[in-house]
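Undergrad: Got a structure for you, entry17.cif, holding mmCIF, N, CA and C atoms.
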```
data_query
#
loop_
_atom_site.label_atom_id
_atom_site.label_comp_id
_atom_site.auth_asym_id
_atom_site.auth_seq_id
_atom_site.Cartn_x
_atom_site.Cartn_y
_atom_site.Cartn_z
N MET A 12 -15.16 -26.17 0.83
CA MET A 12 -15.18 -24.74 0.72
C MET A 12 -13.86 -24.26 0.07
N LYS A 13 -13.99 -23.39 -0.92
CA LYS A 13 -12.81 -22.90 -1.63
C LYS A 13 -12.11 -21.81 -0.81
N PRO A 14 -10.77 -21.77 -0.91
CA PRO A 14 -10.05 -20.73 -0.17
C PRO A 14 -10.34 -19.34 -0.73
N ILE A 15 -10.31 -18.36 0.16
CA ILE A 15 -10.48 -16.97 -0.27
C ILE A 15 -9.14 -16.41 -0.75
N LEU A 16 -8.04 -16.90 -0.16
CA LEU A 16 -6.69 -16.49 -0.54
C LEU A 16 -5.81 -17.73 -0.57
N SER A 17 -5.03 -17.84 -1.63
CA SER A 17 -4.19 -19.02 -1.77
C SER A 17 -2.84 -18.63 -2.37
N PHE A 18 -1.78 -19.02 -1.70
CA PHE A 18 -0.42 -18.85 -2.22
C PHE A 18 0.04 -20.24 -2.65
N ASP A 19 0.50 -20.37 -3.87
CA ASP A 19 0.94 -21.65 -4.41
C ASP A 19 2.39 -21.55 -4.85
N GLN A 20 3.30 -22.04 -4.01
CA GLN A 20 4.74 -22.07 -4.28
C GLN A 20 5.27 -20.70 -4.71
N VAL A 21 4.91 -19.68 -3.96
CA VAL A 21 5.27 -18.31 -4.31
C VAL A 21 6.72 -18.01 -3.94
N GLU A 22 7.39 -17.39 -4.90
CA GLU A 22 8.74 -16.87 -4.70
C GLU A 22 8.70 -15.40 -5.09
N ILE A 23 9.27 -14.56 -4.25
CA ILE A 23 9.30 -13.12 -4.51
C ILE A 23 10.75 -12.69 -4.61
N SER A 24 11.04 -11.94 -5.67
CA SER A 24 12.41 -11.52 -5.93
C SER A 24 12.51 -10.01 -6.04
N PHE A 25 13.72 -9.54 -5.80
CA PHE A 25 14.09 -8.15 -6.03
C PHE A 25 15.32 -8.17 -6.92
N GLU A 26 15.96 -7.07 -7.12
CA GLU A 26 17.09 -6.96 -8.05
C GLU A 26 18.17 -8.00 -7.80
N ASN A 27 18.46 -8.31 -6.55
CA ASN A 27 19.55 -9.23 -6.22
C ASN A 27 19.11 -10.68 -6.11
N GLY A 28 17.87 -10.99 -6.50
CA GLY A 28 17.40 -12.36 -6.47
C GLY A 28 16.27 -12.59 -5.48
N PRO A 29 15.93 -13.86 -5.24
CA PRO A 29 14.79 -14.20 -4.38
C PRO A 29 15.03 -13.80 -2.92
N VAL A 30 13.96 -13.28 -2.30
CA VAL A 30 14.01 -12.95 -0.87
C VAL A 30 13.02 -13.80 -0.08
N VAL A 31 11.99 -14.31 -0.76
CA VAL A 31 11.01 -15.21 -0.15
C VAL A 31 10.86 -16.38 -1.11
N GLN A 32 10.93 -17.60 -0.58
CA GLN A 32 10.89 -18.77 -1.46
C GLN A 32 9.89 -19.81 -1.00
N ASP A 33 9.20 -20.40 -1.98
CA ASP A 33 8.36 -21.57 -1.81
C ASP A 33 7.33 -21.45 -0.68
N VAL A 34 6.51 -20.40 -0.75
CA VAL A 34 5.46 -20.20 0.25
C VAL A 34 4.14 -20.68 -0.32
N SER A 35 3.49 -21.57 0.41
CA SER A 35 2.17 -22.08 0.02
C SER A 35 1.26 -22.13 1.24
N PHE A 36 0.05 -21.63 1.07
CA PHE A 36 -0.98 -21.75 2.11
C PHE A 36 -2.32 -21.42 1.50
N ASP A 37 -3.37 -21.88 2.17
CA ASP A 37 -4.75 -21.55 1.81
C ASP A 37 -5.41 -20.91 3.01
N LEU A 38 -6.17 -19.85 2.77
CA LEU A 38 -6.95 -19.19 3.80
C LEU A 38 -8.41 -19.29 3.39
N HIS A 39 -9.20 -19.97 4.21
CA HIS A 39 -10.61 -20.18 3.91
C HIS A 39 -11.48 -19.13 4.63
N PRO A 40 -12.67 -18.85 4.10
CA PRO A 40 -13.56 -17.88 4.76
C PRO A 40 -13.77 -18.27 6.22
N GLY A 41 -13.70 -17.27 7.09
CA GLY A 41 -13.90 -17.50 8.51
C GLY A 41 -12.64 -17.86 9.27
N GLU A 42 -11.58 -18.18 8.57
CA GLU A 42 -10.31 -18.52 9.22
C GLU A 42 -9.49 -17.26 9.49
N ILE A 43 -8.60 -17.39 10.45
CA ILE A 43 -7.64 -16.33 10.76
C ILE A 43 -6.26 -16.94 10.57
N LEU A 44 -5.41 -16.24 9.84
CA LEU A 44 -4.05 -16.72 9.59
C LEU A 44 -3.07 -15.69 10.12
N GLY A 45 -2.13 -16.13 10.91
CA GLY A 45 -1.07 -15.25 11.41
C GLY A 45 0.24 -15.61 10.73
N LEU A 46 0.93 -14.60 10.25
CA LEU A 46 2.27 -14.80 9.70
C LEU A 46 3.27 -14.41 10.77
N VAL A 47 4.13 -15.34 11.13
CA VAL A 47 5.06 -15.12 12.21
C VAL A 47 6.47 -15.34 11.69
N GLY A 48 7.38 -14.49 12.10
CA GLY A 48 8.77 -14.66 11.71
C GLY A 48 9.59 -13.49 12.21
N GLU A 49 10.90 -13.65 12.09
CA GLU A 49 11.81 -12.60 12.51
C GLU A 49 11.63 -11.36 11.64
N SER A 50 12.12 -10.25 12.14
CA SER A 50 12.14 -9.02 11.35
C SER A 50 12.96 -9.29 10.09
N GLY A 51 12.40 -8.91 8.95
CA GLY A 51 13.11 -9.11 7.68
C GLY A 51 12.90 -10.47 7.05
N SER A 52 12.01 -11.29 7.62
CA SER A 52 11.82 -12.64 7.09
C SER A 52 10.88 -12.71 5.89
N GLY A 53 10.16 -11.60 5.60
CA GLY A 53 9.32 -11.58 4.40
C GLY A 53 7.83 -11.52 4.65
N LYS A 54 7.40 -11.35 5.89
CA LYS A 54 5.96 -11.31 6.19
C LYS A 54 5.27 -10.18 5.43
N THR A 55 5.78 -8.98 5.56
CA THR A 55 5.19 -7.83 4.88
C THR A 55 5.31 -7.97 3.37
N THR A 56 6.41 -8.49 2.90
CA THR A 56 6.62 -8.69 1.47
C THR A 56 5.56 -9.62 0.90
N LEU A 57 5.22 -10.69 1.62
CA LEU A 57 4.19 -11.61 1.16
C LEU A 57 2.84 -10.91 1.01
N ILE A 58 2.46 -10.14 2.01
CA ILE A 58 1.16 -9.47 1.96
C ILE A 58 1.15 -8.38 0.90
N LYS A 59 2.26 -7.66 0.77
CA LYS A 59 2.34 -6.65 -0.29
C LYS A 59 2.20 -7.30 -1.66
N ALA A 60 2.73 -8.49 -1.83
CA ALA A 60 2.59 -9.21 -3.11
C ALA A 60 1.12 -9.52 -3.37
N ALA A 61 0.42 -9.96 -2.33
CA ALA A 61 -1.01 -10.27 -2.49
C ALA A 61 -1.82 -9.03 -2.80
N MET A 62 -1.39 -7.88 -2.30
CA MET A 62 -2.10 -6.62 -2.51
C MET A 62 -1.67 -5.93 -3.81
N GLY A 63 -0.64 -6.48 -4.47
CA GLY A 63 -0.12 -5.83 -5.66
C GLY A 63 0.61 -4.55 -5.33
N LEU A 64 1.28 -4.53 -4.18
CA LEU A 64 1.94 -3.31 -3.71
C LEU A 64 3.45 -3.46 -3.52
N LEU A 65 4.05 -4.42 -4.20
CA LEU A 65 5.51 -4.54 -4.12
C LEU A 65 6.14 -3.31 -4.75
N ASN A 66 7.30 -2.93 -4.25
CA ASN A 66 8.02 -1.81 -4.85
C ASN A 66 8.28 -2.10 -6.32
N SER A 67 8.64 -1.09 -7.07
CA SER A 67 8.81 -1.24 -8.51
C SER A 67 9.86 -2.28 -8.88
N ASN A 68 10.82 -2.52 -8.01
CA ASN A 68 11.85 -3.52 -8.33
C ASN A 68 11.54 -4.90 -7.74
N GLY A 69 10.37 -5.06 -7.12
CA GLY A 69 9.97 -6.35 -6.57
C GLY A 69 8.94 -7.02 -7.46
N TYR A 70 8.99 -8.35 -7.52
CA TYR A 70 8.05 -9.09 -8.37
C TYR A 70 7.94 -10.54 -7.90
N VAL A 71 6.81 -11.15 -8.24
CA VAL A 71 6.62 -12.57 -7.95
C VAL A 71 7.30 -13.32 -9.08
N SER A 72 8.39 -14.01 -8.75
CA SER A 72 9.20 -14.67 -9.76
C SER A 72 8.80 -16.13 -10.00
N HIS A 73 7.95 -16.65 -9.13
CA HIS A 73 7.48 -18.03 -9.31
C HIS A 73 6.20 -18.20 -8.50
N GLY A 74 5.32 -19.06 -8.98
CA GLY A 74 4.12 -19.41 -8.25
C GLY A 74 2.93 -18.54 -8.60
N ASP A 75 1.86 -18.74 -7.87
CA ASP A 75 0.60 -18.03 -8.12
C ASP A 75 -0.01 -17.57 -6.81
N ILE A 76 -0.75 -16.46 -6.87
CA ILE A 76 -1.50 -15.95 -5.73
C ILE A 76 -2.94 -15.78 -6.19
N TYR A 77 -3.84 -16.56 -5.58
CA TYR A 77 -5.25 -16.51 -5.95
C TYR A 77 -6.05 -15.79 -4.86
N PHE A 78 -6.90 -14.89 -5.30
CA PHE A 78 -7.87 -14.26 -4.41
C PHE A 78 -9.23 -14.49 -5.02
N GLU A 79 -10.11 -15.13 -4.27
CA GLU A 79 -11.44 -15.49 -4.76
C GLU A 79 -11.36 -16.17 -6.14
N ASN A 80 -10.49 -17.14 -6.25
CA ASN A 80 -10.32 -17.97 -7.45
C ASN A 80 -9.76 -17.25 -8.66
N THR A 81 -9.24 -16.04 -8.47
CA THR A 81 -8.62 -15.30 -9.57
C THR A 81 -7.15 -15.12 -9.26
N ASN A 82 -6.30 -15.45 -10.22
CA ASN A 82 -4.87 -15.25 -10.03
C ASN A 82 -4.60 -13.75 -10.13
N ILE A 83 -4.32 -13.12 -9.00
CA ILE A 83 -4.16 -11.67 -8.99
C ILE A 83 -2.92 -11.23 -9.77
N LEU A 84 -2.02 -12.15 -10.02
CA LEU A 84 -0.83 -11.81 -10.79
C LEU A 84 -1.18 -11.53 -12.26
N ASP A 85 -2.35 -11.95 -12.68
CA ASP A 85 -2.80 -11.72 -14.06
C ASP A 85 -3.61 -10.43 -14.20
N LEU A 86 -3.90 -9.76 -13.08
CA LEU A 86 -4.77 -8.58 -13.12
C LEU A 86 -3.99 -7.31 -13.43
N LYS A 87 -4.66 -6.38 -14.09
CA LYS A 87 -4.10 -5.06 -14.34
C LYS A 87 -4.25 -4.23 -13.06
N GLU A 88 -3.49 -3.16 -12.97
CA GLU A 88 -3.56 -2.29 -11.80
C GLU A 88 -4.97 -1.75 -11.58
N SER A 89 -5.66 -1.41 -12.65
CA SER A 89 -7.03 -0.88 -12.52
C SER A 89 -7.97 -1.94 -11.93
N GLU A 90 -7.74 -3.20 -12.24
CA GLU A 90 -8.55 -4.28 -11.67
C GLU A 90 -8.20 -4.51 -10.20
N MET A 91 -6.92 -4.36 -9.86
CA MET A 91 -6.50 -4.53 -8.47
C MET A 91 -7.10 -3.43 -7.58
N ARG A 92 -7.26 -2.22 -8.12
CA ARG A 92 -7.84 -1.13 -7.34
C ARG A 92 -9.26 -1.44 -6.90
N HIS A 93 -9.98 -2.26 -7.67
CA HIS A 93 -11.35 -2.64 -7.30
C HIS A 93 -11.35 -3.66 -6.15
N ILE A 94 -10.25 -4.37 -6.00
CA ILE A 94 -10.13 -5.38 -4.94
C ILE A 94 -9.54 -4.75 -3.68
N ARG A 95 -8.46 -3.97 -3.86
CA ARG A 95 -7.76 -3.34 -2.75
C ARG A 95 -8.68 -2.38 -2.02
N GLY A 96 -8.78 -2.55 -0.73
CA GLY A 96 -9.61 -1.66 0.08
C GLY A 96 -11.04 -2.14 0.18
N ALA A 97 -11.64 -2.50 -0.96
CA ALA A 97 -13.03 -2.94 -0.95
C ALA A 97 -13.15 -4.40 -0.49
N LYS A 98 -12.22 -5.25 -0.89
CA LYS A 98 -12.30 -6.67 -0.55
C LYS A 98 -11.08 -7.17 0.22
N MET A 99 -9.97 -6.48 0.06
CA MET A 99 -8.72 -6.93 0.67
C MET A 99 -8.02 -5.72 1.26
N GLY A 100 -7.52 -5.86 2.47
CA GLY A 100 -6.82 -4.76 3.11
C GLY A 100 -5.61 -5.26 3.86
N MET A 101 -4.81 -4.31 4.27
CA MET A 101 -3.58 -4.63 4.99
C MET A 101 -3.51 -3.72 6.21
N ILE A 102 -3.22 -4.29 7.35
CA ILE A 102 -3.01 -3.50 8.57
C ILE A 102 -1.50 -3.43 8.78
N PHE A 103 -0.96 -2.23 8.67
CA PHE A 103 0.48 -2.05 8.78
C PHE A 103 0.92 -2.15 10.23
N GLN A 104 2.18 -2.55 10.44
CA GLN A 104 2.70 -2.71 11.79
C GLN A 104 2.61 -1.41 12.58
N ASP A 105 2.95 -0.31 11.96
CA ASP A 105 2.92 0.98 12.63
C ASP A 105 1.75 1.78 12.08
N ALA A 106 0.55 1.45 12.57
CA ALA A 106 -0.66 2.09 12.06
C ALA A 106 -0.61 3.60 12.24
N GLY A 107 0.04 4.06 13.29
CA GLY A 107 0.14 5.49 13.54
C GLY A 107 0.85 6.22 12.41
N ALA A 108 1.84 5.58 11.83
CA ALA A 108 2.58 6.19 10.72
C ALA A 108 1.79 6.11 9.42
N SER A 109 0.74 5.33 9.39
CA SER A 109 -0.07 5.17 8.19
C SER A 109 -1.14 6.25 8.07
N LEU A 110 -1.39 6.95 9.15
CA LEU A 110 -2.43 7.98 9.16
C LEU A 110 -1.80 9.36 9.15
N CYS A 111 -2.46 10.28 8.50
CA CYS A 111 -1.99 11.67 8.45
C CYS A 111 -2.28 12.33 9.80
N PRO A 112 -1.26 12.88 10.46
CA PRO A 112 -1.46 13.42 11.80
C PRO A 112 -2.24 14.73 11.85
N ILE A 113 -2.41 15.42 10.71
CA ILE A 113 -3.09 16.72 10.73
C ILE A 113 -4.49 16.67 10.13
N ARG A 114 -4.99 15.45 9.87
CA ARG A 114 -6.35 15.29 9.36
C ARG A 114 -7.11 14.36 10.30
N THR A 115 -8.39 14.60 10.46
CA THR A 115 -9.19 13.77 11.37
C THR A 115 -9.37 12.37 10.80
N ILE A 116 -9.70 11.46 11.68
CA ILE A 116 -9.98 10.08 11.28
C ILE A 116 -11.12 10.08 10.26
N GLY A 117 -12.15 10.87 10.51
CA GLY A 117 -13.28 10.94 9.59
C GLY A 117 -12.88 11.39 8.20
N GLU A 118 -12.05 12.41 8.10
CA GLU A 118 -11.58 12.88 6.80
C GLU A 118 -10.83 11.78 6.05
N GLN A 119 -10.02 11.04 6.78
CA GLN A 119 -9.22 9.99 6.15
C GLN A 119 -10.08 8.79 5.74
N ILE A 120 -11.11 8.51 6.51
CA ILE A 120 -12.03 7.43 6.14
C ILE A 120 -12.80 7.81 4.88
N ILE A 121 -13.27 9.03 4.82
CA ILE A 121 -14.00 9.48 3.62
C ILE A 121 -13.09 9.38 2.39
N GLU A 122 -11.85 9.84 2.52
CA GLU A 122 -10.91 9.77 1.40
C GLU A 122 -10.72 8.33 0.93
N SER A 123 -10.56 7.42 1.88
CA SER A 123 -10.36 6.02 1.54
C SER A 123 -11.58 5.43 0.85
N MET A 124 -12.77 5.71 1.38
CA MET A 124 -14.00 5.18 0.78
C MET A 124 -14.22 5.75 -0.62
N ARG A 125 -13.91 7.01 -0.82
CA ARG A 125 -14.07 7.63 -2.14
C ARG A 125 -13.05 7.10 -3.15
N ALA A 126 -11.93 6.64 -2.67
CA ALA A 126 -10.92 6.07 -3.57
C ALA A 126 -11.40 4.76 -4.18
N HIS A 127 -12.37 4.13 -3.53
CA HIS A 127 -12.85 2.82 -3.98
C HIS A 127 -14.28 2.85 -4.52
N GLY A 128 -14.85 4.03 -4.63
CA GLY A 128 -16.20 4.12 -5.18
C GLY A 128 -16.85 5.44 -4.82
N LYS A 129 -17.95 5.70 -5.47
CA LYS A 129 -18.68 6.94 -5.19
C LYS A 129 -19.49 6.76 -3.92
N ILE A 130 -19.27 7.67 -2.98
CA ILE A 130 -20.01 7.62 -1.73
C ILE A 130 -20.11 9.04 -1.19
N HIS A 131 -21.26 9.37 -0.68
CA HIS A 131 -21.49 10.69 -0.09
C HIS A 131 -20.94 10.71 1.33
N LYS A 132 -20.51 11.87 1.79
CA LYS A 132 -19.93 12.02 3.12
C LYS A 132 -20.85 11.48 4.22
N VAL A 133 -22.15 11.75 4.12
CA VAL A 133 -23.11 11.31 5.14
C VAL A 133 -23.17 9.78 5.19
N GLU A 134 -23.18 9.15 4.03
CA GLU A 134 -23.22 7.68 3.96
C GLU A 134 -21.92 7.08 4.50
N ALA A 135 -20.79 7.69 4.14
CA ALA A 135 -19.49 7.20 4.62
C ALA A 135 -19.43 7.27 6.15
N LYS A 136 -19.90 8.38 6.70
CA LYS A 136 -19.87 8.55 8.15
C LYS A 136 -20.78 7.53 8.82
N ALA A 137 -21.96 7.30 8.27
CA ALA A 137 -22.89 6.32 8.85
C ALA A 137 -22.27 4.92 8.85
N LYS A 138 -21.63 4.55 7.74
CA LYS A 138 -20.98 3.23 7.67
C LYS A 138 -19.85 3.13 8.69
N ALA A 139 -19.06 4.20 8.79
CA ALA A 139 -17.94 4.20 9.74
C ALA A 139 -18.44 4.10 11.17
N LEU A 140 -19.47 4.86 11.51
CA LEU A 140 -19.99 4.81 12.88
C LEU A 140 -20.56 3.43 13.21
N ASP A 141 -21.19 2.78 12.22
CA ASP A 141 -21.67 1.41 12.43
C ASP A 141 -20.50 0.46 12.69
N LEU A 142 -19.44 0.64 11.92
CA LEU A 142 -18.27 -0.20 12.11
C LEU A 142 -17.61 0.06 13.46
N PHE A 143 -17.51 1.32 13.85
CA PHE A 143 -16.95 1.65 15.16
C PHE A 143 -17.73 0.93 16.26
N GLU A 144 -19.06 0.93 16.14
CA GLU A 144 -19.90 0.27 17.13
C GLU A 144 -19.64 -1.23 17.14
N GLU A 145 -19.52 -1.80 15.94
CA GLU A 145 -19.23 -3.23 15.82
C GLU A 145 -17.90 -3.58 16.48
N LEU A 146 -16.94 -2.65 16.39
CA LEU A 146 -15.62 -2.85 16.97
C LEU A 146 -15.58 -2.50 18.45
N ASN A 147 -16.74 -2.13 18.99
CA ASN A 147 -16.89 -1.82 20.42
C ASN A 147 -16.21 -0.51 20.82
N PHE A 148 -16.13 0.43 19.87
CA PHE A 148 -15.68 1.78 20.19
C PHE A 148 -16.90 2.50 20.73
N HIS A 149 -16.88 2.86 21.99
CA HIS A 149 -18.07 3.34 22.67
C HIS A 149 -18.51 4.74 22.25
N ASP A 150 -17.60 5.56 21.81
CA ASP A 150 -17.96 6.91 21.39
C ASP A 150 -17.46 7.13 19.96
N GLY A 151 -18.20 6.58 19.00
CA GLY A 151 -17.83 6.65 17.59
C GLY A 151 -17.69 8.07 17.07
N GLU A 152 -18.53 8.95 17.54
CA GLU A 152 -18.49 10.35 17.11
C GLU A 152 -17.16 10.98 17.51
N ARG A 153 -16.69 10.65 18.71
CA ARG A 153 -15.40 11.17 19.17
C ARG A 153 -14.27 10.63 18.29
N VAL A 154 -14.31 9.33 17.97
CA VAL A 154 -13.30 8.72 17.11
C VAL A 154 -13.31 9.41 15.75
N TRP A 155 -14.49 9.58 15.18
CA TRP A 155 -14.64 10.21 13.86
C TRP A 155 -14.00 11.60 13.82
N ASN A 156 -14.16 12.37 14.89
CA ASN A 156 -13.67 13.75 14.93
C ASN A 156 -12.25 13.89 15.46
N SER A 157 -11.65 12.79 15.87
CA SER A 157 -10.31 12.84 16.49
C SER A 157 -9.21 12.83 15.44
N TYR A 158 -8.07 13.33 15.87
CA TYR A 158 -6.84 13.21 15.10
C TYR A 158 -6.15 11.93 15.58
N PRO A 159 -5.35 11.29 14.75
CA PRO A 159 -4.73 10.00 15.14
C PRO A 159 -4.04 10.04 16.50
N PHE A 160 -3.31 11.11 16.81
CA PHE A 160 -2.58 11.16 18.07
C PHE A 160 -3.50 11.26 19.28
N GLU A 161 -4.77 11.55 19.07
CA GLU A 161 -5.72 11.65 20.17
C GLU A 161 -6.33 10.31 20.56
N LEU A 162 -6.08 9.30 19.76
CA LEU A 162 -6.70 7.99 20.03
C LEU A 162 -5.75 7.06 20.77
#
```
Would you encode the structure as structure tokens?

TA:
Amino acid sequence: MKPILSFDQVEISFENGPVVQDVSFDLHPGEILGLVGESGSGKTTLIKAAMGLLNSNGYVSHGDIYFENTNILDLKESEMRHIRGAKMGMIFQDAGASLCPIRTIGEQIIESMRAHGKIHKVEAKAKALDLFEELNFHDGERVWNSYPFEL
């Protein structure tokens, strides 16, 4: 079985030189991979590189990152937008800071789904409620209508 995500001797650099060096791993479908390390060790930087979300002064200075057999380092930003969110996502350490506190969860889900394709509000809500149920959220309608601080 081919890996869904593969890092091959990846080095990530910023203005002052490399900050992450020689990282290699394969993640196969159905597997779970945990990145563990001290604060500042490069965990978030690695995932941001895979998502194409490094800051403007950050870049992969060596190696390759493959997602579904495509070297994402060769993709244009417009091509990455089709992957980001639809096929690949990132859960930030402080999820609360990632959500807008004055907009409902439902509004933010619709915005995210529309950023990755055309979808009607009713369809987006139905998909979200199905996912909430799958995640064992017992009152999906309440989650949909809640503000982040209410959850």

Undergrad: Nearest residue to Met101 in chain A out of A:Met62, A:Lys13, A:Ile120, A:Phe160, using all atoms listed in the file?

TA: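 Ranking A:Met62, A:Lys13, A:Ile120, A:Phe160 by distance to Met101 in chain A, first place goes to A:Met62.
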
Undergrad: From (12.0, -17.1, -7.4), in the file's coordinates, out to 6 Å: which residues are reached, counting all atoms listed in the file? Answer as an mmCIF file with N, CA and C atoms, in the frame of the given file.

TA:
```cif
data_model
loop_
_atom_site.group_PDB
_atom_site.id
_atom_site.type_symbol
_atom_site.label_atom_id
_atom_site.label_comp_id
_atom_site.auth_asym_id
_atom_site.auth_seq_id
_atom_site.Cartn_x
_atom_site.Cartn_y
_atom_site.Cartn_z
ATOM 1 N N GLU A 22 7.390 -17.390 -4.900
ATOM 2 C CA GLU A 22 8.740 -16.870 -4.700
ATOM 3 C C GLU A 22 8.700 -15.400 -5.090
ATOM 4 N N ILE A 23 9.270 -14.560 -4.250
ATOM 5 C CA ILE A 23 9.300 -13.120 -4.510
ATOM 6 C C ILE A 23 10.750 -12.690 -4.610
ATOM 7 N N SER A 24 11.040 -11.940 -5.670
ATOM 8 C CA SER A 24 12.410 -11.520 -5.930
ATOM 9 C C SER A 24 12.510 -10.010 -6.040
ATOM 10 N N PRO A 29 15.930 -13.860 -5.240
ATOM 11 C CA PRO A 29 14.790 -14.200 -4.380
ATOM 12 C C PRO A 29 15.030 -13.800 -2.920
ATOM 13 N N SER A 72 8.390 -14.010 -8.750
ATOM 14 C CA SER A 72 9.200 -14.670 -9.760
ATOM 15 C C SER A 72 8.800 -16.130 -10.000
ATOM 16 N N HIS A 73 7.950 -16.650 -9.130
ATOM 17 C CA HIS A 73 7.480 -18.030 -9.310
ATOM 18 C C HIS A 73 6.200 -18.200 -8.500
#
```

Undergrad: Which is closest to Phe18 in chain A among A:Asn82, A:Ser109, A:Ser52, A:Thr115, if we use only C-alpha atoms?

TA: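 Checking each of A:Asn82, A:Ser109, A:Ser52, A:Thr115 against Phe18 in chain A, counting only C-alpha atoms, the winner is A:Asn82.
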
Undergrad: Mind checking which residues fall within 7 Å of Pro159 in chain A, counting only N, CA and C atoms, ignoring those fewer than 4 positions away in the same chain, and posting them as an NGL selection string?

TA: :A and (107 or 110-116)

Undergrad: Compare A:His93, A:Lys136, A:Lys98, A:Lys54 by their minimum atom-to-atom distance to Ile121 in chain A, counting only C-alpha atoms, and give me the closest one.

TA: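 For Ile121 in chain A, the nearest of the candidates is A:Lys136.
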
Undergrad: Tell me, in Å to one decimal, how far atom N of Val133 in chain A is from atom C of Gly96 in chain A.

TA: 18.2 Å

Undergrad: So that I can check the secondary structure, give me every residue of chain A assigned alpha helix (DSSP H) by backbone DSSP, as a PyMOL selection string.

TA: chain A and resi 54-62+88-94+106-109+116-126+132-145+151-156

Undergrad: DSSP on the backbone: which residues in chain A end up as strand (DSSP E or B)? Give the answer as a PyMOL selection string.

TA: chain A and resi 16-25+28-38+70-78+81-82+95+99

Undergrad: Given the choices A:Leu162, A:Leu46, A:Met12, A:Leu146, which gets closest to Ile58 in chain A if the distance is worked out from only C-alpha atoms?

TA: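 The shortest atom-to-atom distance to Ile58 in chain A comes from A:Leu46.
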
Undergrad: Could you check which of A:Ser123, A:Asp19, A:His39, A:Leu84 is closest to Ala60 in chain A, using only N, CA and C atoms?

TA: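 Ranked by minimum distance to Ala60 in chain A, first place goes to A:Leu84.
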
Undergrad: Considering all atoms listed in the file, can you say which of A:Pro14, A:Gly45, A:Gly53, A:Gly151 comes closest to Tyr77 in chain A?

TA: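 Counting all atoms listed in the file, the residue closest to Tyr77 in chain A is A:Pro14.
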
Undergrad: Just say which residues the PyMOL selection byres (((chain A and resi 63 and name CA) around 10) and name CA) picks in this file, as a PyMOL selection string.

TA: chain A and resi 57-62+64-66+70-71+83-84+86-88+91-92+95

Undergrad: Please indicate the distance in Å from CA of Gly51 in chain A to CA of Asp33 in chain A, rounded to one decimal place.

TA: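 Those two atoms sit 16.4 Å apart.
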
Undergrad: Between atom N of Phe25 in chain A and atom N of Asn68 in chain A, measure the distance and give it in Å to one decimal.

TA: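 Distance reported for this atom pair: 7.9 Å.
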
Undergrad: Which neighbours of Phe143 in chain A fall inside 10 Å, counting only C-alpha atoms, when residues of the same chain fewer than 5 positions from it are skipped, and could you give them as a ChimeraX atom specification?

TA: /A:137-138,148-152,154-155
